[in-house]
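Trainee: Please find one structure pasted underneath; my questions will follow.
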Amino acid sequence: MNSYVNTAVGALLGTVFVLMSVSIASEGIFHSEKPEKEGFAIVAEEAPASGGGEAAPAAAVPIAQLLSKADAKAGEAVFKKCQACHDATKGGPNKVGPNLYSLVDRPIGTHEGFAYSSAMKDFSKGGSEKWTFDHLNHFLAAPKKYVAGTAMGFAGLPKDTDRANVILYLHTLAESPVPLPDPNAPDSATQ
């Protein structure tokens with residue numbers, strides 16, 4: 001071996017020795033014992049698994065009341081978040097998610113040419129369930145909580161006003177939109 005290799009190996013070994021010595025010394029100086037008793041325990045409550053949407057979080061304000069104050073133009077702006085995965089034009093293509101034109105009151109999981117997840121197929125009860133205003137409100141709040149196992153990766157729209165605006169915007173995307181729910185009617189009228 002030549003002297004350059006010996007110098008390089010010696011420098012490497014010297015550096016490793018210094019780093020290990022500093023590590024051992026700092027562990028001895030800054031070592032702390034595990035406490036005998038924890039200071040406090042953080043308890044996180046787990047949400048029950050949703051079996052078809054029944055255990056989804058209840059909306060604080062009924063969707064009919066939210067829709068009465070909603071703005072479709074603002075919903076169109078919020079919908080831009082959805083356009084990465086969904087098209088909403090008449091006759092438009094399916095993307096990562098199905099086309100959303102004429103979504104309100106459409107049977108769930110039935111858009112032609114889209115392969116729905118088994119969770120969404122189960123939730124749709126063979127296409128007998130429809131995308132009501134209430135279903136849309138709960139689903140858009142937390143998709144994975146409302147339809148456990150859905151392939152939709154979107155986290156949801158936590159703000160009531162954002163959800164109502166998007167739902168009102170989606171409502172306008174139809175040749176003949178279904179009537180909006182009466183904000184003065186009982187909650188069951190929104191379904």
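FYI, nothing fancy with the structure tokens labels: chains A, B, ... in order, residues from 1 per chain, ligands from 1 as they appear.
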Near Gly156 in chain A, counting only C-alpha atoms, which residues have an atom at most 12 Å away, once you skip same-chain residues fewer than 2 positions from it, shown as an MDAnalysis selection string?
Mentor: chainID A and resid 78:79 81:82 136:146 152:154 158:160 162:163 166
Trainee: Would you work out the distance separating CA of Ser128 in chain A from CA of Cys85 in chain A, expressed in Å to one decimal?
Mentor: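 One can read the CA of Ser128 in chain A to CA of Cys85 in chain A distance as 24.8 Å.
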Trainee: Please provide as a list in words all residues within 7 Å of range 67-72 of chain A, with the sequence filter that same-chain residues fewer than 3 positions apart are discarded (counting only C-alpha atoms).
Mentor: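 Counting only the stated atoms, we get Ile63, Ala64, Gly75, Glu76, Thr161, Ala164, Asn165, Val166, Leu168, Tyr169 and Pro183 of chain A.
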Trainee: CA of Ala115 in chain A and CA of Ala151 in chain A are how many Å apart?
Mentor: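 So the two atoms, CA of Ala115 in chain A and CA of Ala151 in chain A, lie 10.4 Å apart.
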Trainee: For a quick check of understanding, using only C-alpha atoms, which of A:Leu66, A:Gly10, A:Trp131, A:Pro93 has the smallest distance to Thr110 in chain A?
Mentor: A:Trp131
Trainee: Ranking A:Ser102, A:Asn6, A:Ser117, A:Gln83 by minimum distance to His171 in chain A and counting only C-alpha atoms, which one comes first?
Mentor: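 That would be A:Ser102, the residue with the smallest distance to His171 in chain A.
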Trainee: Report as a PyMOL selection string: the residues of chain A with a DSSP assignment of helix (DSSP H, G or I), based on the backbone of this structure.
Mentor: chain A and resi 3-30+63-68+72-84+118-124+133-141+143-146+160-172+187-190
Trainee: Separation of CA of Ala88 in chain A and CA of Pro177 in chain A, in Å?
Mentor: 14.2 Å
Trainee: Rank A:Gly91, A:Leu170, A:Gly97, A:Gly126 by their smallest atom-to-atom distance to Ala77 in chain A, using only C-alpha atoms, and report the top residue only.
Mentor: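 Checking each of A:Gly91, A:Leu170, A:Gly97, A:Gly126 against Ala77 in chain A, counting only C-alpha atoms, the winner is A:Leu170.
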Trainee: Using only C-alpha atoms for the distances, tell me which of A:Val96, A:Ala185, A:Ala148, A:Leu180 is nearest to Thr132 in chain A.
Mentor: A:Leu180
